[in-house]
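Trainee: Structure supplied as entry39.csv; contents: CSV, C-alpha atoms.
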chain,number,residue,atom,x,y,z
A,221,MET,CA,24.7,21.8,0.6
A,222,SER,CA,25.2,18.0,0.0
A,223,PHE,CA,23.6,15.2,2.0
A,224,GLN,CA,27.0,14.1,3.2
A,225,HIS,CA,27.9,17.6,4.4
A,226,ILE,CA,24.7,18.1,6.3
A,227,PHE,CA,25.0,14.7,8.1
A,228,PHE,CA,28.6,15.3,9.0
A,229,ILE,CA,27.9,18.8,10.5
A,230,LYS,CA,24.9,17.5,12.4
A,231,LEU,CA,26.8,14.6,13.8
A,232,LEU,CA,29.6,16.9,15.0
A,233,LEU,CA,27.1,19.3,16.6
A,234,PHE,CA,25.2,16.6,18.5
A,235,SER,CA,28.4,14.8,19.5
A,236,SER,CA,29.7,17.9,21.1
A,237,LEU,CA,26.5,18.1,23.2
A,238,TYR,CA,26.1,14.4,23.8
A,239,ALA,CA,28.4,14.0,26.9
A,240,ALA,CA,26.8,16.9,28.7
A,241,LEU,CA,23.2,16.2,27.7
A,242,ASP,CA,20.8,16.3,30.7
A,243,ILE,CA,19.5,12.7,30.7
A,244,LYS,CA,17.2,11.9,33.6
A,245,SER,CA,15.5,8.6,34.3
A,246,VAL,CA,12.1,7.2,35.3
A,247,LYS,CA,12.5,3.8,36.8
A,248,GLU,CA,16.0,3.6,35.4
A,249,GLN,CA,14.8,4.5,31.9
A,250,PRO,CA,16.6,7.5,30.4
A,251,THR,CA,14.4,10.4,29.4
A,252,VAL,CA,14.6,13.7,27.6
A,253,ARG,CA,12.8,16.9,28.6
A,254,LEU,CA,10.2,18.1,26.1
A,255,MET,CA,10.2,21.7,25.2
A,256,ASN,CA,7.6,24.0,23.5
A,257,ALA,CA,4.0,23.0,24.1
A,258,VAL,CA,4.2,21.3,27.5
A,259,HIS,CA,2.7,21.7,31.0
A,260,GLY,CA,5.5,22.0,33.5
A,261,ILE,CA,8.4,19.6,33.3
A,262,VAL,CA,7.6,16.7,31.0
A,263,LEU,CA,10.1,13.9,30.7
A,264,MET,CA,9.8,11.5,27.7
A,265,PRO,CA,11.5,8.1,27.9
A,266,ILE,CA,14.0,7.8,25.0
A,267,VAL,CA,12.9,4.2,24.2
A,268,GLY,CA,9.2,3.5,23.8
A,269,LEU,CA,7.1,0.5,22.6
A,270,GLY,CA,5.5,0.9,19.2
A,271,THR,CA,2.1,-0.7,18.9
A,272,GLY,CA,0.9,-0.1,15.4
A,273,GLY,CA,1.3,-3.1,13.1
A,274,TYR,CA,1.2,-3.3,9.3
A,275,GLY,CA,-0.3,-6.7,9.1
A,276,SER,CA,-3.8,-8.0,8.8
A,277,PRO,CA,-5.4,-10.7,11.0
A,278,ASN,CA,-4.9,-13.2,8.2
A,279,GLY,CA,-1.1,-12.6,8.4
A,280,SER,CA,-0.7,-10.6,5.2
A,281,GLY,CA,1.4,-7.5,5.1
A,282,GLY,CA,3.4,-8.3,8.3
A,283,GLN,CA,2.8,-8.7,12.0
A,284,TYR,CA,-0.7,-8.1,13.2
A,285,TRP,CA,-1.4,-6.0,16.3
A,286,GLY,CA,-4.9,-6.2,17.6
A,287,PRO,CA,-6.2,-5.7,21.2
A,288,GLU,CA,-4.8,-9.0,22.4
A,289,GLN,CA,-1.3,-8.3,21.0
A,290,GLY,CA,-1.4,-4.8,22.4
A,291,HIS,CA,-2.5,-6.0,25.8
A,292,ASN,CA,0.2,-8.7,26.1
A,293,ALA,CA,3.0,-6.5,24.8
A,294,SER,CA,2.1,-3.6,27.1
A,295,VAL,CA,2.1,-5.9,30.1
A,296,SER,CA,5.4,-7.4,29.3
A,297,TRP,CA,7.0,-4.0,28.4
A,298,LEU,CA,5.8,-2.3,31.6
A,299,LYS,CA,6.7,-5.2,33.9
A,300,MET,CA,10.3,-5.3,32.6
A,301,GLY,CA,10.7,-1.5,33.2
A,302,GLY,CA,9.6,0.1,29.9
A,303,ARG,CA,7.7,3.3,30.6
A,304,ARG,CA,6.6,4.7,27.3
A,305,ILE,CA,4.0,3.3,24.9
A,306,ASP,CA,3.2,4.8,21.5
A,307,SER,CA,-0.4,4.3,20.4
A,308,SER,CA,-3.0,5.9,18.2
A,309,GLY,CA,-6.8,6.0,18.1
A,310,ASP,CA,-6.8,4.2,14.8
A,311,TYR,CA,-4.4,1.4,15.8
A,312,ALA,CA,-6.3,-1.9,16.2
A,313,SER,CA,-4.2,-2.5,19.4
A,314,CYS,CA,-5.5,0.7,21.2
A,315,ASP,CA,-8.1,-1.0,23.5
A,316,GLY,CA,-5.4,-3.5,24.5
A,317,ILE,CA,-3.1,-0.8,25.6
A,318,GLY,CA,-5.8,0.4,28.0
A,319,THR,CA,-6.3,-3.0,29.5
A,320,GLY,CA,-2.6,-3.7,29.4
A,321,TRP,CA,-1.3,-0.8,31.5
A,322,ILE,CA,-4.0,-1.5,34.1
A,323,THR,CA,-3.1,-5.2,34.3
A,324,SER,CA,0.6,-4.4,34.6
A,325,GLY,CA,0.1,-2.8,38.1
A,326,VAL,CA,2.3,0.1,37.2
A,327,PRO,CA,0.8,3.4,38.4
A,328,ARG,CA,-0.5,5.6,35.5
A,329,SER,CA,1.7,8.5,36.7
A,330,GLU,CA,4.8,6.4,35.9
A,331,ILE,CA,3.7,5.6,32.3
A,332,PHE,CA,4.2,7.9,29.3
A,333,ILE,CA,1.4,7.3,26.7
A,334,THR,CA,1.4,8.9,23.3
A,335,SER,CA,-1.7,8.9,21.1
A,336,LYS,CA,-2.6,10.4,17.7
A,337,VAL,CA,-5.6,11.9,16.0
A,338,ASP,CA,-6.3,12.4,12.3
A,339,PRO,CA,-6.3,15.9,10.7
A,340,ALA,CA,-10.1,15.8,10.6
A,341,GLY,CA,-11.0,19.3,11.8
A,342,TYR,CA,-11.8,21.0,15.1
A,343,ASN,CA,-15.0,19.2,16.3
A,344,GLN,CA,-14.0,15.9,14.9
A,345,THR,CA,-10.7,16.0,16.7
A,346,LEU,CA,-12.4,16.7,20.1
A,347,ALA,CA,-14.7,13.7,19.5
A,348,GLU,CA,-11.9,11.4,18.4
A,349,PHE,CA,-9.9,12.3,21.5
A,350,ALA,CA,-12.8,11.5,23.8
A,351,GLY,CA,-12.8,8.1,22.2
A,352,ILE,CA,-9.1,7.7,22.7
A,353,LEU,CA,-9.4,8.4,26.4
A,354,LYS,CA,-12.1,5.8,26.7
A,355,SER,CA,-10.1,3.1,24.8
A,356,LEU,CA,-7.0,3.8,26.9
A,357,GLN,CA,-9.0,3.9,30.1
A,358,THR,CA,-7.3,7.0,31.3
A,359,THR,CA,-8.3,10.7,32.0
A,360,TYR,CA,-5.3,12.1,30.1
A,361,VAL,CA,-2.5,11.2,27.7
A,362,ASP,CA,1.0,12.5,28.0
A,363,LEU,CA,1.6,13.4,24.4
A,364,LEU,CA,-1.1,13.9,21.7
A,365,LEU,CA,0.0,14.2,18.0
A,366,ILE,CA,-1.6,15.0,14.7
A,367,HIS,CA,-0.9,11.6,13.0
A,368,TRP,CA,-0.5,12.8,9.4
A,369,PRO,CA,-0.6,16.2,7.6
A,370,GLY,CA,-3.4,14.8,5.4
A,371,ALA,CA,-4.0,11.9,3.1
A,372,GLN,CA,-1.5,11.0,0.4
A,373,PRO,CA,-3.2,11.2,-2.9
A,374,GLY,CA,-4.6,7.8,-3.9
A,375,LYS,CA,-3.3,6.1,-0.7
A,376,SER,CA,-6.1,6.5,1.9
A,377,ASP,CA,-9.3,4.5,2.3
A,378,LYS,CA,-10.7,6.9,5.0
A,379,PRO,CA,-13.6,9.2,4.2
A,380,ILE,CA,-12.7,12.8,3.3
A,381,PRO,CA,-13.4,15.1,6.3
A,382,SER,CA,-15.7,18.1,5.9
A,383,CYS,CA,-12.7,20.5,6.4
A,384,LYS,CA,-11.1,19.1,3.2
A,385,GLU,CA,-14.3,19.2,1.0
A,386,GLY,CA,-13.8,21.7,-1.8
A,387,GLN,CA,-10.2,22.5,-0.7
A,388,ALA,CA,-7.2,21.8,-2.9
A,389,THR,CA,-4.9,21.3,0.2
A,390,TRP,CA,-5.2,20.0,3.7
A,391,THR,CA,-4.1,23.3,5.2
A,392,ASP,CA,-7.4,24.2,6.8
A,393,CYS,CA,-7.8,20.7,8.3
A,394,ARG,CA,-4.3,20.9,9.8
A,395,ILE,CA,-4.9,24.3,11.3
A,396,GLN,CA,-8.3,23.4,12.7
A,397,THR,CA,-6.9,20.2,14.2
A,398,TRP,CA,-4.0,22.0,15.8
A,399,ARG,CA,-6.4,24.5,17.3
A,400,ALA,CA,-8.3,21.5,18.8
A,401,LEU,CA,-5.1,20.1,20.2
A,402,GLU,CA,-4.5,23.5,21.8
A,403,THR,CA,-8.0,23.4,23.4
A,404,ILE,CA,-7.3,19.9,24.8
A,405,PHE,CA,-3.9,21.1,26.0
A,406,ASN,CA,-5.5,24.1,27.8
A,407,LEU,CA,-8.0,21.8,29.4
A,408,LYS,CA,-5.0,19.8,30.8
A,409,GLN,CA,-6.2,16.6,29.3
A,410,VAL,CA,-2.7,16.2,27.7
A,411,ARG,CA,0.7,17.1,29.0
A,412,ALA,CA,2.2,18.0,25.6
A,413,ILE,CA,1.1,18.3,22.0
A,414,GLY,CA,2.9,17.7,18.7
A,415,VAL,CA,2.8,16.3,15.2
A,416,SER,CA,3.7,13.3,13.2
A,417,ASN,CA,4.9,12.9,9.6
A,418,TYR,CA,5.2,16.7,9.3
A,419,GLU,CA,7.6,18.1,6.8
A,420,VAL,CA,9.1,21.6,7.1
A,421,ASN,CA,6.4,23.2,5.1
A,422,HIS,CA,3.7,21.7,7.3
A,423,LEU,CA,5.6,22.8,10.4
A,424,LEU,CA,5.9,26.4,9.1
A,425,GLU,CA,2.1,26.6,9.0
A,426,ILE,CA,2.0,26.2,12.8
A,427,PHE,CA,4.9,28.7,13.1
A,428,ASN,CA,2.9,31.2,11.1
A,429,LEU,CA,0.0,31.0,13.5
A,430,ASN,CA,2.1,32.7,16.2
A,431,SER,CA,0.9,29.8,18.3
A,432,THR,CA,2.5,27.2,20.6
A,433,LEU,CA,5.1,25.2,18.7
A,434,PRO,CA,5.0,21.4,18.6
A,435,SER,CA,6.9,19.6,21.3
A,436,VAL,CA,7.5,16.5,19.1
A,437,ASN,CA,7.6,15.5,15.5
A,438,GLN,CA,7.4,11.7,15.0
A,439,VAL,CA,8.5,10.5,11.5
A,440,GLU,CA,9.8,7.4,9.7
A,441,PHE,CA,13.5,7.4,10.2
A,442,HIS,CA,16.1,4.6,9.9
A,443,PRO,CA,19.3,4.0,8.0
A,444,TYR,CA,17.4,3.2,4.8
A,445,TRP,CA,15.4,6.4,5.1
A,446,HIS,CA,16.5,9.5,7.0
A,447,GLU,CA,15.6,13.1,6.2
A,448,ASP,CA,18.5,14.9,7.8
A,449,GLU,CA,17.4,18.4,6.8
A,450,LEU,CA,14.1,17.8,8.6
A,451,LEU,CA,15.9,16.5,11.7
A,452,ASP,CA,18.2,19.6,11.7
A,453,PHE,CA,15.2,21.9,11.4
A,454,CYS,CA,13.4,20.3,14.3
A,455,GLN,CA,16.4,20.2,16.6
A,456,LYS,CA,17.1,23.9,15.9
A,457,HIS,CA,13.5,24.7,17.1
A,458,ASN,CA,13.6,22.4,20.2
A,459,ILE,CA,11.1,20.0,18.6
A,460,THR,CA,12.0,16.6,19.9
A,461,PHE,CA,12.6,14.2,17.0
A,462,ASN,CA,10.9,10.8,17.4
A,463,SER,CA,11.6,8.0,15.0
A,464,TYR,CA,9.1,5.2,14.1
A,465,SER,CA,10.0,2.1,12.1
A,466,SER,CA,13.4,2.7,13.7
A,467,VAL,CA,14.8,-0.7,12.7
A,468,GLY,CA,13.3,-0.6,9.2
A,469,CYS,CA,10.1,-2.5,10.1
A,470,PRO,CA,11.5,-5.9,8.9
A,471,ASP,CA,8.3,-7.8,9.3
A,472,HIS,CA,6.6,-5.5,6.7
A,473,ALA,CA,9.7,-4.7,4.6
A,474,THR,CA,10.4,-8.4,3.9
A,475,LYS,CA,6.9,-8.6,2.4
A,476,LEU,CA,7.9,-5.8,0.1
A,477,GLY,CA,10.8,-7.9,-1.2
A,478,PRO,CA,14.0,-7.2,-3.0
A,479,THR,CA,12.3,-4.9,-5.5
A,480,TRP,CA,11.9,-2.5,-2.6
A,481,ASN,CA,15.4,-3.0,-1.4
A,482,PRO,CA,18.0,-5.7,-2.2
A,483,ILE,CA,18.3,-6.4,1.6
A,484,PRO,CA,14.8,-5.7,2.9
A,485,ASP,CA,15.6,-6.8,6.5
A,486,LEU,CA,17.9,-4.0,7.6
A,487,ARG,CA,19.2,-6.1,10.5
A,488,THR,CA,20.8,-8.5,8.1
A,489,HIS,CA,22.8,-5.9,6.1
A,490,PRO,CA,26.4,-7.0,6.2
A,491,SER,CA,27.6,-3.6,7.4
A,492,VAL,CA,25.1,-3.6,10.2
A,493,VAL,CA,26.1,-7.1,11.2
A,494,ALA,CA,29.8,-6.2,11.2
A,495,ILE,CA,29.2,-3.2,13.5
A,496,ALA,CA,27.0,-5.3,15.8
A,497,THR,CA,29.7,-8.0,16.0
A,498,LYS,CA,32.4,-5.4,16.7
A,499,HIS,CA,30.4,-4.1,19.7
A,500,GLU,CA,29.0,-7.5,20.8
A,501,LYS,CA,25.5,-6.2,20.4
A,502,SER,CA,22.5,-7.2,18.3
A,503,SER,CA,21.9,-5.5,14.9
A,504,ALA,CA,18.8,-3.8,16.3
A,505,GLN,CA,20.7,-2.4,19.2
A,506,VAL,CA,23.3,-0.9,16.9
A,507,ILE,CA,20.6,0.7,14.7
A,508,LEU,CA,18.8,2.1,17.8
A,509,ARG,CA,22.0,3.5,19.2
A,510,TRP,CA,22.7,5.2,15.8
A,511,HIS,CA,19.4,7.1,16.3
A,512,TRP,CA,20.1,8.1,19.9
A,513,GLN,CA,23.6,9.4,19.1
A,514,GLN,CA,21.9,11.8,16.8
A,515,GLY,CA,19.5,12.9,19.6
A,516,ILE,CA,16.6,10.9,18.2
A,517,ILE,CA,14.1,9.1,20.5
A,518,ILE,CA,12.7,5.8,19.2
A,519,ASN,CA,9.6,3.5,19.3
A,520,PRO,CA,10.7,0.1,18.1
A,521,ARG,CA,7.7,-2.3,17.8
A,522,THR,CA,8.1,-5.8,19.1
A,523,ARG,CA,6.0,-8.5,21.0
A,524,ASP,CA,9.1,-10.4,22.0
A,525,PRO,CA,10.2,-9.8,25.6
A,526,THR,CA,13.8,-10.6,24.7
A,527,HIS,CA,13.8,-7.9,22.0
A,528,MET,CA,12.1,-5.5,24.4
A,529,MET,CA,15.0,-5.9,26.8
A,530,GLU,CA,17.5,-5.5,24.0
A,531,ASN,CA,15.8,-2.3,22.9
A,532,MET,CA,16.1,-0.8,26.3
A,533,SER,CA,19.8,-1.8,26.6
A,534,ILE,CA,21.4,0.6,24.3
A,535,PHE,CA,23.1,3.0,26.8
A,536,ASP,CA,26.1,1.0,27.7
A,537,PHE,CA,28.1,1.3,24.5
A,538,GLU,CA,28.9,4.0,21.9
A,539,LEU,CA,29.3,3.9,18.2
A,540,ASP,CA,32.4,5.6,16.8
A,541,HIS,CA,32.4,8.1,14.0
A,542,GLN,CA,33.1,5.5,11.3
A,543,ASP,CA,30.2,3.4,12.6
A,544,MET,CA,27.9,6.4,12.4
A,545,MET,CA,28.9,7.3,8.9
A,546,THR,CA,28.7,3.7,7.6
A,547,LEU,CA,25.1,3.3,8.9
A,548,ALA,CA,24.1,6.7,7.3
A,549,TYR,CA,25.3,5.6,3.9
A,550,LEU,CA,23.9,2.0,3.6
A,551,ASN,CA,21.4,2.7,1.0
A,552,HIS,CA,21.1,5.2,-1.9
A,553,PRO,CA,18.6,6.0,-3.2
A,554,MET,CA,16.8,5.5,0.1
A,555,SER,CA,13.8,3.2,0.6
A,556,LYS,CA,10.7,4.4,2.4
A,557,ILE,CA,8.3,2.0,4.0
A,558,CYS,CA,5.3,4.2,4.9
A,559,GLY,CA,3.4,6.9,2.9
A,560,ASP,CA,5.3,10.0,1.8
A,561,PRO,CA,4.2,13.2,3.5
A,562,ARG,CA,6.2,15.3,1.1
A,563,LEU,CA,3.4,14.6,-1.4
A,564,ILE,CA,0.7,16.0,0.9
A,565,LEU,CA,-0.2,19.6,0.2
Starting from the file, lay out its structure as structure tokens.
Mentor:
Amino acid sequence: MSFQHIFFIKLLLFSSLYAALDIKSVKEQPTVRLMNAVHGIVLMPIVGLGTGGYGSPNGSGGQYWGPEQGHNASVSWLKMGGRRIDSSGDYASCDGIGTGWITSGVPRSEIFITSKVDPAGYNQTLAEFAGILKSLQTTYVDLLLIHWPGAQPGKSDKPIPSCKEGQATWTDCRIQTWRALETIFNLKQVRAIGVSNYEVNHLLEIFNLNSTLPSVNQVEFHPYWHEDELLDFCQKHNITFNSYSSVGCPDHATKLGPTWNPIPDLRTHPSVVAIATKHEKSSAQVILRWHWQQGIIINPRTRDPTHMMENMSIFDFELDHQDMMTLAYLNHPMSKICGDPRLIL
């Protein structure tokens, strides 16, 4: 089946459900209900704040996010009504998220915090999670994900965990780490568990455990890179699909230059600009709306309060079928920003 056929069918199926979708709100922020591995009713805000930067403190590689940047962005986001923050134990901004939500004055019970752990094995995961709770200054997180299915060959500077030593694949590490997430879940230190950067083959390992299924799969997804077959698989199994780098990560992509993509800043693509002008919205709002009309929740990263408000204001207009198709076919072959989990065995 062709890429065009898959996208068209998926678009029709979601469009038929879109008007009747049960969207609730937390402090006026629309949410979706997580399924699978959850305690009770867990509502996840559709728009979150990404807090993982690609840049270094010296300014190379893109925008830098350290504790100060994480703190200030979290305070601004929460004060203006944002209610979901996406973090990770290995983001330099993590400590700032902890101080930021406290400074905001918003009750912890009203905030949805996601964090992530490495696929480092059972005991290592429990230890890493304890550190995350300390950094975030909380007794629980709302959603805990396995950050990656392993290290891409030749791309990681982290030490190889003991669960991978002597192993040709990361399978044992992934299974041990998932079992650790189940333990944390059963202790009610998290409200939901899931994965990030998992391809179908990685997800099937969890299915084969006859275990709880992930509630969320967070992956890179934007008009320059979208794995529609993976999206379809997750939605068929009630795994909420969560996009990161939703606007194409322009601060980092522009550093990659025209050899990566002729128009590295997705927001400036003439077709995106034309659709934005048509709807009297910003380019970023159009791109984020394209995600949501496919049932995808998003974590755009920004430190700019104006952009934060724009990111939350995508529910008062609708893209038509031609808009959706145009955005889906901006770029072939597609350009990926982050590592490629398809190469991780």
Trainee: Kindly provide, as a CSV table (one decimal) with C-alpha atoms, in the coordinates of the input, the polymer residues lying within 8 Å of (1.4, -4.8, 30.2), counting all atoms listed in the file and using the coordinates exactly as they appear in the file.
Mentor:
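Okay, selection-v9.csv is ready:
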chain,number,residue,atom,x,y,z
A,291,HIS,CA,-2.5,-6.0,25.8
A,292,ASN,CA,0.2,-8.7,26.1
A,293,ALA,CA,3.0,-6.5,24.8
A,294,SER,CA,2.1,-3.6,27.1
A,295,VAL,CA,2.1,-5.9,30.1
A,296,SER,CA,5.4,-7.4,29.3
A,297,TRP,CA,7.0,-4.0,28.4
A,298,LEU,CA,5.8,-2.3,31.6
A,299,LYS,CA,6.7,-5.2,33.9
A,317,ILE,CA,-3.1,-0.8,25.6
A,319,THR,CA,-6.3,-3.0,29.5
A,320,GLY,CA,-2.6,-3.7,29.4
A,321,TRP,CA,-1.3,-0.8,31.5
A,322,ILE,CA,-4.0,-1.5,34.1
A,323,THR,CA,-3.1,-5.2,34.3
A,324,SER,CA,0.6,-4.4,34.6
Trainee: Under the rule that only C-alpha atoms are counted, which of A:Gly316, A:Pro484, A:Gly268, A:Gly414 is the nearest residue to A:Gly290?
Mentor: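 Comparing A:Gly316, A:Pro484, A:Gly268, A:Gly414 against A:Gly290, the winner is A:Gly316.
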Trainee: Could you pull the residues within 9 Å of A:Val337, counting all atoms listed in the file, minus those fewer than 2 positions along the same chain, as a list in words?
Mentor: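 Within the cut-off, the hits are Ser308, Gly309, Asp310, Ser335, Pro339, Ala340, Thr345, Glu348, Phe349, Ile352, Leu364, Leu365, Ile366, His367, Trp368 and Thr397 of chain A.
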Trainee: Name the residues in contact with A:Ile333 at a cut-off of 7 Å, using all atoms listed in the file, excluding same-chain residues fewer than 6 positions from it; report them as an MDAnalysis selection string.
Mentor: chainID A and resid 304:306 361:363
Trainee: Enter the distance from atom CA of A:Glu440 to atom CA of A:Gly282, in Å, rounded to one decimal.
Mentor: 17.0 Å
Trainee: Could you pull the residues within 12 Å of A:Leu407, counting only C-alpha atoms, minus those fewer than 5 positions along the same chain, as an MDAnalysis selection string?
Mentor: chainID A and resid 259 346 359:360 400:402 412
